[in-house]
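> Coordinates in input.txt, compact mmCIF, C-alpha atoms and all ligand atoms, are listed below.
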```
# COMPACT_ATOMS: atom_id res chain seq x y z
CA MET A 14 0.00 0.00 0.00
CA THR A 15 1.24 3.53 -0.73
CA VAL A 16 -0.05 6.65 1.02
CA ASP A 17 -0.14 10.12 -0.47
CA ASP A 18 -0.13 12.11 2.78
CA GLU A 19 -1.02 15.47 1.32
CA GLU A 20 -4.07 14.20 -0.54
CA ARG A 21 -4.75 11.43 2.01
CA VAL A 22 -5.09 8.92 -0.81
CA LEU A 23 -4.32 5.26 -0.05
CA ARG A 24 -3.42 3.00 -2.96
CA ASP A 25 -3.81 -0.80 -3.04
CA ALA A 26 -5.84 -0.49 0.14
CA ALA A 27 -8.82 -2.36 1.59
CA VAL A 28 -11.64 -1.31 3.92
CA VAL A 29 -13.41 -3.77 6.21
CA VAL A 30 -16.97 -3.02 7.33
CA ASP A 31 -18.64 -4.60 10.34
CA GLY A 32 -22.02 -3.75 11.82
CA GLY A 33 -22.43 -0.73 9.55
CA ARG A 34 -19.16 0.84 10.72
CA ILE A 35 -15.67 0.88 9.29
CA ALA A 36 -13.73 -1.72 11.25
CA TRP A 37 -10.35 -1.80 9.53
CA ILE A 38 -8.36 0.08 6.86
CA GLY A 39 -5.01 -1.04 5.53
CA ALA A 40 -3.03 -2.71 2.77
CA ALA A 41 -5.24 -4.99 0.66
CA ALA A 42 -2.58 -7.67 0.88
CA GLY A 43 -3.01 -7.84 4.67
CA ALA A 44 -6.79 -7.53 4.87
CA PRO A 45 -8.50 -9.82 7.39
CA ALA A 46 -10.97 -12.43 6.17
CA ALA A 47 -14.52 -11.23 5.55
CA ASP A 48 -17.90 -12.84 4.76
CA ASP A 49 -18.40 -10.80 1.60
CA ARG A 50 -15.87 -9.16 -0.64
CA VAL A 51 -16.15 -6.44 -3.28
CA ASP A 52 -13.21 -6.06 -5.63
CA ALA A 53 -12.95 -2.34 -6.46
CA ASP A 54 -10.71 -3.34 -9.36
CA GLY A 55 -8.54 -0.23 -9.15
CA ARG A 56 -11.45 2.18 -8.86
CA ALA A 57 -11.56 5.00 -6.32
CA LEU A 58 -13.52 4.66 -3.07
CA LEU A 59 -14.68 7.93 -1.47
CA PRO A 60 -16.80 8.77 1.55
CA GLY A 61 -20.42 9.27 0.47
CA TRP A 62 -21.34 12.89 -0.21
CA VAL A 63 -22.78 14.77 2.76
CA ASP A 64 -25.35 17.18 1.31
CA SER A 65 -25.79 19.65 4.16
CA HIS A 66 -28.18 22.08 2.44
CA THR A 67 -31.32 21.09 0.51
CA HIS A 68 -34.99 22.09 0.34
CA LEU A 69 -36.64 18.83 -0.79
CA VAL A 70 -40.15 19.24 0.64
CA PHE A 71 -41.89 21.01 -2.20
CA ASP A 72 -44.28 20.57 -5.09
CA GLY A 73 -44.38 22.42 -8.42
CA ASP A 74 -41.53 23.81 -10.46
CA ARG A 75 -40.47 27.29 -11.48
CA THR A 76 -39.46 26.82 -15.10
CA ALA A 77 -40.92 30.19 -16.11
CA GLU A 78 -38.91 31.98 -13.43
CA PHE A 79 -35.76 30.16 -14.58
CA GLU A 80 -36.41 31.12 -18.20
CA ALA A 81 -36.92 34.75 -17.19
CA ARG A 82 -33.63 34.64 -15.31
CA MET A 83 -31.80 33.23 -18.31
CA ALA A 84 -33.31 36.12 -20.28
CA GLY A 85 -31.71 38.59 -17.90
CA GLN A 86 -33.91 38.96 -14.82
CA SER A 87 -32.21 38.65 -11.47
CA TYR A 88 -33.23 36.23 -8.71
CA ALA A 89 -35.44 37.61 -5.94
CA ALA A 90 -36.79 35.70 -2.95
CA GLY A 91 -40.42 36.33 -4.01
CA GLY A 92 -40.53 33.11 -6.03
CA ILE A 93 -40.59 31.22 -2.72
CA ALA A 94 -44.31 32.11 -2.49
CA VAL A 95 -44.99 30.30 -5.79
CA THR A 96 -43.56 27.10 -4.35
CA ARG A 97 -45.34 27.71 -1.05
CA ASP A 98 -48.69 27.74 -2.88
CA ALA A 99 -47.96 24.52 -4.80
CA THR A 100 -46.66 22.82 -1.64
CA ARG A 101 -49.60 23.79 0.55
CA THR A 102 -52.10 22.32 -1.92
CA ALA A 103 -50.21 19.01 -2.33
CA SER A 104 -51.30 16.04 -0.23
CA GLU A 105 -48.98 14.69 2.44
CA GLU A 106 -48.73 11.40 0.56
CA ARG A 107 -47.66 13.21 -2.61
CA LEU A 108 -45.03 15.26 -0.77
CA ARG A 109 -43.63 12.14 0.90
CA GLY A 110 -43.37 10.50 -2.52
CA LEU A 111 -41.64 13.53 -4.02
CA VAL A 112 -39.09 13.64 -1.20
CA ALA A 113 -38.42 9.90 -1.54
CA ALA A 114 -37.88 10.28 -5.29
CA ARG A 115 -35.48 13.18 -4.75
CA VAL A 116 -33.55 11.19 -2.15
CA ARG A 117 -33.24 8.30 -4.63
CA GLU A 118 -31.87 10.69 -7.27
CA ALA A 119 -29.29 11.98 -4.82
CA ARG A 120 -28.27 8.47 -3.73
CA ALA A 121 -27.77 7.46 -7.37
CA GLN A 122 -25.00 10.09 -7.55
CA GLY A 123 -23.26 9.05 -4.34
CA THR A 124 -25.00 11.09 -1.64
CA THR A 125 -25.29 9.16 1.62
CA TRP A 126 -26.42 11.87 4.08
CA ILE A 127 -28.99 14.59 3.41
CA GLU A 128 -30.13 17.61 5.38
CA THR A 129 -33.38 19.22 4.27
CA LYS A 130 -35.39 22.26 5.32
CA THR A 131 -38.99 23.29 5.75
CA GLY A 132 -39.76 26.77 4.43
CA TYR A 133 -42.39 26.23 1.77
CA GLY A 134 -45.24 26.05 4.28
CA LEU A 135 -44.98 29.42 6.04
CA ASP A 136 -47.90 28.87 8.40
CA VAL A 137 -48.04 26.73 11.52
CA ALA A 138 -49.89 23.73 10.08
CA SER A 139 -47.95 23.63 6.80
CA GLU A 140 -44.56 24.06 8.45
CA GLU A 141 -45.41 21.31 10.94
CA ARG A 142 -46.36 19.01 8.06
CA SER A 143 -43.15 19.82 6.15
CA ALA A 144 -41.06 19.19 9.27
CA ARG A 145 -42.75 15.81 9.79
CA ILE A 146 -42.15 14.83 6.16
CA ALA A 147 -38.53 16.01 6.29
CA ALA A 148 -37.82 14.08 9.49
CA ALA A 149 -39.22 10.88 7.97
CA GLY A 150 -37.50 11.30 4.61
CA VAL A 151 -33.93 12.47 5.27
CA ASP A 152 -31.18 12.36 7.88
CA ASP A 153 -31.22 15.91 9.31
CA ALA A 154 -34.32 18.14 9.32
CA THR A 155 -34.17 21.93 9.64
CA PHE A 156 -36.91 24.45 10.48
CA LEU A 157 -36.92 27.34 8.00
CA GLY A 158 -40.18 29.11 8.84
CA ALA A 159 -38.15 32.32 8.47
CA HIS A 160 -37.71 31.83 4.71
CA LEU A 161 -40.03 34.61 3.50
CA VAL A 162 -42.54 36.95 5.15
CA PRO A 163 -45.86 35.98 3.54
CA ALA A 164 -47.52 38.88 1.71
CA GLY A 165 -50.18 40.68 3.72
CA ILE A 166 -48.69 39.74 7.10
CA ASP A 167 -46.87 42.28 9.23
CA PRO A 168 -43.21 41.13 9.40
CA ASP A 169 -42.99 41.51 13.18
CA ASP A 170 -46.21 39.56 13.65
CA TYR A 171 -44.84 36.83 11.41
CA VAL A 172 -41.56 36.67 13.35
CA ARG A 173 -43.59 36.31 16.56
CA GLU A 174 -45.50 33.42 14.98
CA VAL A 175 -42.24 31.76 13.84
CA CYS A 176 -40.71 32.10 17.32
CA GLY A 177 -43.85 30.96 19.12
CA PRO A 178 -46.47 28.53 17.79
CA MET A 179 -44.55 27.52 14.65
CA LEU A 180 -41.39 26.66 16.56
CA ASP A 181 -43.44 24.71 19.12
CA ALA A 182 -45.18 22.76 16.34
CA VAL A 183 -42.02 21.74 14.45
CA ARG A 184 -39.82 21.18 17.51
CA PRO A 185 -40.44 17.39 17.77
CA PHE A 186 -39.25 16.84 14.21
CA VAL A 187 -36.18 19.03 13.69
CA THR A 188 -32.69 19.38 15.09
CA TRP A 189 -31.80 22.64 13.32
CA ALA A 190 -33.27 26.09 12.70
CA ASP A 191 -32.32 28.34 9.80
CA VAL A 192 -33.16 31.90 8.79
CA PHE A 193 -32.86 33.74 5.45
CA CYS A 194 -31.04 36.87 6.66
CA GLU A 195 -31.10 39.01 3.54
CA ARG A 196 -32.56 42.20 2.15
CA GLY A 197 -36.07 41.23 1.00
CA ALA A 198 -36.28 38.41 3.56
CA PHE A 199 -35.42 38.88 7.27
CA THR A 200 -33.50 41.77 8.82
CA LEU A 201 -30.60 41.38 11.22
CA GLU A 202 -32.87 42.01 14.23
CA GLN A 203 -35.58 39.64 13.02
CA SER A 204 -33.01 36.96 12.23
CA ARG A 205 -31.44 37.32 15.66
CA GLU A 206 -34.86 36.97 17.29
CA VAL A 207 -35.64 33.78 15.36
CA LEU A 208 -32.26 32.20 16.02
CA THR A 209 -32.27 33.14 19.70
CA ALA A 210 -35.71 31.55 20.17
CA ALA A 211 -34.58 28.44 18.29
CA ALA A 212 -31.43 28.12 20.40
CA ALA A 213 -33.52 28.46 23.56
CA ALA A 214 -35.67 25.58 22.24
CA GLY A 215 -32.53 23.47 21.94
CA LEU A 216 -32.04 23.62 18.17
CA GLY A 217 -28.70 24.01 16.42
CA LEU A 218 -28.42 27.09 14.23
CA ARG A 219 -27.83 27.65 10.53
CA VAL A 220 -28.11 30.84 8.45
CA HIS A 221 -28.76 31.65 4.78
CA GLY A 222 -26.55 34.71 4.43
CA ASN A 223 -24.82 37.08 2.02
CA GLN A 224 -26.44 35.48 -1.03
CA LEU A 225 -27.88 38.51 -2.80
CA GLY A 226 -25.56 41.22 -1.52
CA HIS A 227 -23.31 42.25 1.34
CA GLY A 228 -25.11 42.03 4.67
CA ASP A 229 -25.17 40.84 8.24
CA GLY A 230 -25.80 37.10 7.83
CA ILE A 231 -22.23 35.86 8.11
CA ARG A 232 -21.34 37.94 11.16
CA LEU A 233 -24.62 37.08 12.90
CA ALA A 234 -24.01 33.37 12.27
CA VAL A 235 -20.53 33.55 13.79
CA GLU A 236 -21.70 35.68 16.72
CA LEU A 237 -24.43 33.18 17.62
CA GLY A 238 -22.19 30.15 17.08
CA ALA A 239 -24.21 28.81 14.14
CA ALA A 240 -22.88 25.55 12.75
CA SER A 241 -22.98 26.92 9.21
CA VAL A 242 -23.66 30.02 7.15
CA ASP A 243 -24.71 29.12 3.64
CA HIS A 244 -24.38 30.89 0.26
CA CYS A 245 -21.62 33.43 1.16
CA ASN A 246 -21.50 35.00 -2.31
CA PHE A 247 -20.68 38.44 -0.91
CA VAL A 248 -17.91 38.19 1.68
CA SER A 249 -16.30 41.39 3.03
CA ASP A 250 -12.91 41.41 4.75
CA ALA A 251 -14.73 41.75 8.10
CA ASP A 252 -16.87 38.70 7.25
CA LEU A 253 -13.76 36.75 6.35
CA ASP A 254 -12.02 37.72 9.60
CA ALA A 255 -15.10 36.71 11.60
CA LEU A 256 -15.32 33.32 9.89
CA ALA A 257 -11.59 32.70 10.30
CA ALA A 258 -11.80 33.49 14.03
CA GLY A 259 -14.97 31.47 14.67
CA ASP A 260 -16.19 27.89 14.31
CA THR A 261 -18.93 28.49 11.77
CA VAL A 262 -18.58 26.58 8.50
CA ALA A 263 -18.98 28.56 5.26
CA THR A 264 -21.17 26.41 2.99
CA VAL A 265 -20.93 27.26 -0.69
CA LEU A 266 -23.57 26.22 -3.21
CA PRO A 267 -21.98 26.14 -6.68
CA ALA A 268 -25.06 24.90 -8.59
CA CYS A 269 -27.15 27.71 -7.10
CA ASP A 270 -24.55 30.29 -8.10
CA LEU A 271 -24.67 29.06 -11.70
CA SER A 272 -28.47 28.82 -11.84
CA THR A 273 -28.93 32.33 -10.45
CA ARG A 274 -25.98 33.72 -12.42
CA ALA A 275 -24.63 35.07 -9.15
CA PRO A 276 -20.98 35.83 -8.49
CA LEU A 277 -19.47 32.50 -7.44
CA ALA A 278 -18.92 32.21 -3.71
CA PRO A 279 -15.23 32.94 -2.99
CA ALA A 280 -14.42 29.41 -1.83
CA ARG A 281 -10.71 29.78 -2.68
CA ARG A 282 -10.42 32.95 -0.60
CA LEU A 283 -12.29 31.32 2.28
CA LEU A 284 -10.02 28.28 2.30
CA ASP A 285 -6.90 30.43 2.04
CA ALA A 286 -8.07 32.33 5.13
CA GLY A 287 -8.33 29.05 7.05
CA VAL A 288 -12.15 28.84 7.02
CA GLU A 289 -13.81 25.40 7.04
CA VAL A 290 -15.72 25.20 3.75
CA ALA A 291 -18.56 22.83 2.86
CA ILE A 292 -20.09 22.25 -0.57
CA ALA A 293 -23.80 21.40 -0.82
CA SER A 294 -26.36 21.12 -3.63
CA ASN A 295 -29.09 23.46 -2.27
CA CYS A 296 -31.54 21.36 -4.26
CA ASN A 297 -34.74 23.44 -4.55
CA PRO A 298 -37.08 24.46 -7.38
CA GLY A 299 -36.11 28.14 -7.40
CA THR A 300 -32.37 28.60 -7.37
CA SER A 301 -30.78 25.16 -7.77
CA TYR A 302 -32.92 22.34 -9.14
CA THR A 303 -30.28 19.64 -8.86
CA SER A 304 -29.10 17.28 -6.14
CA SER A 305 -25.97 16.35 -8.04
CA MET A 306 -23.00 16.62 -5.71
CA PRO A 307 -20.59 15.49 -8.49
CA PHE A 308 -21.78 18.51 -10.50
CA CYS A 309 -21.12 20.79 -7.51
CA VAL A 310 -17.68 19.29 -6.94
CA ALA A 311 -16.76 19.65 -10.63
CA THR A 312 -17.91 23.28 -10.60
CA ALA A 313 -15.90 24.01 -7.46
CA VAL A 314 -12.79 22.70 -9.21
CA LEU A 315 -13.40 24.12 -12.68
CA GLN A 316 -14.84 27.49 -11.69
CA MET A 317 -14.00 28.23 -8.06
CA GLY A 318 -10.32 27.28 -8.10
CA LEU A 319 -10.40 24.43 -5.58
CA THR A 320 -8.19 21.41 -5.99
CA VAL A 321 -10.01 18.10 -6.44
CA HIS A 322 -8.94 17.10 -2.95
CA GLU A 323 -10.30 20.34 -1.45
CA ALA A 324 -13.60 20.03 -3.29
CA VAL A 325 -14.12 16.37 -2.35
CA ARG A 326 -13.26 17.15 1.26
CA ALA A 327 -15.69 20.08 1.34
CA ALA A 328 -18.48 17.87 -0.07
CA THR A 329 -17.87 15.10 2.45
CA ARG A 330 -16.11 16.04 5.68
CA GLY A 331 -16.97 19.74 5.26
CA GLY A 332 -20.68 18.85 5.15
CA ALA A 333 -20.23 16.61 8.19
CA VAL A 334 -18.63 19.47 10.15
CA ALA A 335 -21.47 21.77 9.03
CA LEU A 336 -23.90 19.27 10.56
CA GLY A 337 -21.85 18.57 13.69
CA ARG A 338 -21.39 14.94 12.69
CA ASP A 339 -17.69 14.74 11.92
CA ARG A 340 -16.53 13.23 15.23
CA GLY A 341 -16.91 10.19 17.39
CA ALA A 342 -18.45 6.80 16.81
CA GLY A 343 -20.81 6.85 13.86
CA ALA A 344 -19.30 10.03 12.43
CA ILE A 345 -19.86 10.67 8.73
CA GLY A 346 -17.92 12.36 5.92
CA SER A 347 -14.66 10.46 6.06
CA ILE A 348 -13.33 6.92 5.80
CA ALA A 349 -11.97 6.21 9.25
CA VAL A 350 -12.20 3.34 11.73
CA GLY A 351 -15.37 3.67 13.83
CA HIS A 352 -17.10 5.96 11.33
CA ARG A 353 -20.30 4.98 9.52
CA ALA A 354 -19.63 2.88 6.45
CA ASP A 355 -21.15 5.43 4.05
CA LEU A 356 -19.11 4.78 0.92
CA HIS A 357 -19.12 5.78 -2.73
CA LEU A 358 -17.28 3.69 -5.32
CA LEU A 359 -16.47 5.66 -8.45
CA ASP A 360 -16.40 4.14 -11.88
CA ALA A 361 -13.00 5.80 -12.28
CA PRO A 362 -9.46 5.29 -11.01
CA SER A 363 -9.33 8.59 -9.11
CA ALA A 364 -11.49 11.45 -7.83
CA THR A 365 -9.85 13.68 -10.41
CA HIS A 366 -12.23 12.16 -12.97
CA LEU A 367 -15.11 14.01 -11.26
CA ALA A 368 -13.76 17.27 -12.67
CA TYR A 369 -11.93 15.83 -15.67
CA ARG A 370 -15.12 14.15 -16.95
CA PRO A 371 -17.83 16.48 -15.65
CA GLY A 372 -21.41 15.37 -16.12
CA MET A 373 -20.48 11.74 -16.67
CA PRO A 374 -22.22 8.97 -14.67
CA LEU A 375 -19.27 8.00 -12.46
CA THR A 376 -21.07 6.35 -9.54
CA ALA A 377 -20.47 2.58 -9.56
CA ALA A 378 -21.88 1.68 -6.12
CA VAL A 379 -23.05 3.32 -2.91
CA TRP A 380 -23.27 1.90 0.64
CA ARG A 381 -25.08 3.40 3.62
CA GLU A 382 -24.14 1.99 7.00
CA GLY A 383 -22.50 -0.86 5.13
CA SER A 384 -25.62 -1.81 3.12
CA ARG A 385 -25.48 -1.40 -0.61
CA VAL A 386 -28.13 1.11 -1.80
CA VAL A 387 -26.96 1.67 -5.39
O1 LIG B 1 -31.22 28.59 -0.62
N1 LIG B 1 -32.18 31.62 -0.48
C1 LIG B 1 -33.18 31.17 -0.04
N2 LIG B 1 -33.67 29.94 -0.18
C2 LIG B 1 -33.39 29.09 -1.31
C3 LIG B 1 -34.15 29.45 -2.50
C4 LIG B 1 -35.58 29.29 -2.30
C5 LIG B 1 -36.43 29.54 -3.51
O2 LIG B 1 -36.23 30.50 -4.27
O3 LIG B 1 -37.35 28.75 -3.65
C6 LIG B 1 -31.89 29.05 -1.55
O4 LIG B 1 -31.38 29.43 -2.58
```
Turn the structure described in the file into structure tokens.

Amino acid sequence: MTVDDEERVLRDAAVVVDGGRIAWIGAAAGAPAADDRVDADGRALLPGWVDSHTHLVFDGDRTAEFEARMAGQSYAAGGIAVTRDATRTASEERLRGLVAARVREARAQGTTWIETKTGYGLDVASEERSARIAAAGVDDATFLGAHLVPAGIDPDDYVREVCGPMLDAVRPFVTWADVFCERGAFTLEQSREVLTAAAAAGLGLRVHGNQLGHGDGIRLAVELGAASVDHCNFVSDADLDALAAGDTVATVLPACDLSTRAPLAPARRLLDAGVEVAIASNCNPGTSYTSSMPFCVATAVLQMGLTVHEAVRAATRGGAVALGRDRGAGAIGSIAVGHRADLHLLDAPSATHLAYRPGMPLTAAVWREGSRVV
């Protein structure tokens, strides 16, 4: 076995899985006996992708909005209400089926852990239903009642509803709370109120921030100890300093940046400043209608200036850090003894092929907790 320390690539290696966990890693020639054996035949084995930012509980699509954007219009958060209307009128059974289909699509491309958010309900009953569906359908569920202030409702009244009855209703189903802290969505003060109430209810914090322009999202996330601030397209020097000094992960969403024709998040600058960076798909019908993590990784390499190793790490371990699941027994996002056996076998000899052959179907097999799912 040879080890490339810098890239942490093992060659001629074997992994032994027992009870859904990784039990042994070492030279293939010295591997212990096992009941079943899979010969990777020189192909690359990666940790499964950890997709730490999606919005899968929705019905309807927004093709017309996308076409308008490609014709020159810019993205505005108002389209969220279109999806809210389609989602509210869908049956629970239909929404569960849609989420399951989207999870299958993600798995087929190597994703083994998925976070998803509410945020297309925007009233107590609909948010509670979305939270219940999210909790049953994915691995980490996040409350995003503070996604948009519904038209005709006073913003402060809505924030009170989010922090009170809505939070109480979703609380049994979610482990995270998120807020869209952006001009046109929630102000700094409103965002702080939502996140403070969520923290008091025992939820971990996440923030959508600095997507549409410079603003307060990143610094608020760091100040409140949020696990992640997502989007980060507009990062000032003060934002960068705050992230570098804090523990909040900067999650970049390359597919969203392309689909909204936004300036790409400065992932290279963030990494160079020592910030932990995650890559996620942000699968949703408005800004990023894809769950393809290979596409996001390829874009991060080809367009954002990350090395393949940095991009793969950000889409695996980075996502695990952003979800607080990178350590201890049952950790995800890396191939290490004691971690969950969430594995992705590429139909390629190295991860470099993800960027070298973008858009190609390179997933050969996927295991979750040691069970083959693709
Ligand atoms: O992460 N930015 C806010 N939320 C979603 C988009 C939601 C929508 O437009 O439907 C995002 O990009």
> Quote the spacing between atom CA of Arg370 of chain A and atom CA of Ala293 of chain A in Å to one decimal place.
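We find that atom CA of Arg370 of chain A and atom CA of Ala293 of chain A lie 19.7 Å from each other.
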> For a quick check of understanding, using all atoms listed in the file, which of A:Ala144, A:Ala26, A:Leu319, A:Ala349 has the smallest distance to Arg56 of chain A?
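Smallest distance to Arg56 of chain A is found for A:Ala26.
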> Take every atom of ligand LIG 1 (chain B) listed in the file, pad by 3 Å on each side, and give me the axis-aligned box centre and edge lengths in Å, one decimal, as lines of an AutoDock Vina configuration file.

```
center_x = -34.3
center_y = 30.1
center_z = -2.2
size_x = 12.1
size_y = 9.0
size_z = 10.2
```
> Looking at only C-alpha atoms, which of A:Tyr88, A:Trp189, A:Trp380, A:Trp37 is the one that sits closest to Ala335 of chain A?
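Nearest to Ala335 of chain A: A:Trp189.
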> Smallest atom-to-atom distance to ligand LIG 1 (chain B): which of A:Ala154, A:Ala198, A:Ala103, A:Leu218, using all atoms listed in the file?
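Using all atoms listed in the file, the shortest distance to ligand LIG 1 (chain B) belongs to A:Ala198.
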> Please identify the residues whose atoms come within 10 Å of ligand LIG 1 (chain B), using only C-alpha atoms and all ligand atoms, and report them as number ranges by chain.
A: 66-68, 71, 74-75, 78, 88-97, 130, 132-133, 157, 159-161, 192-195, 198, 220-225, 243-244, 266, 268-270, 272-273, 294-302
> Could you tell me how far atom CA of Ser363 of chain A sits from atom CA of Met14 of chain A, in Å to one decimal place?
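According to the coordinates, atom CA of Met14 of chain A and atom CA of Ser363 of chain A are separated by 15.6 Å.
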> When you look at segment 202-214 of chain A with a cut-off of 12 Å (counting only C-alpha atoms), what residues show up, excluding the ones that are within fewer than 5 positions of it in the same chain? I need them as a VMD selection string.
chain A and resid 155 to 162 168 to 185 187 to 196 219 to 222 229 to 240
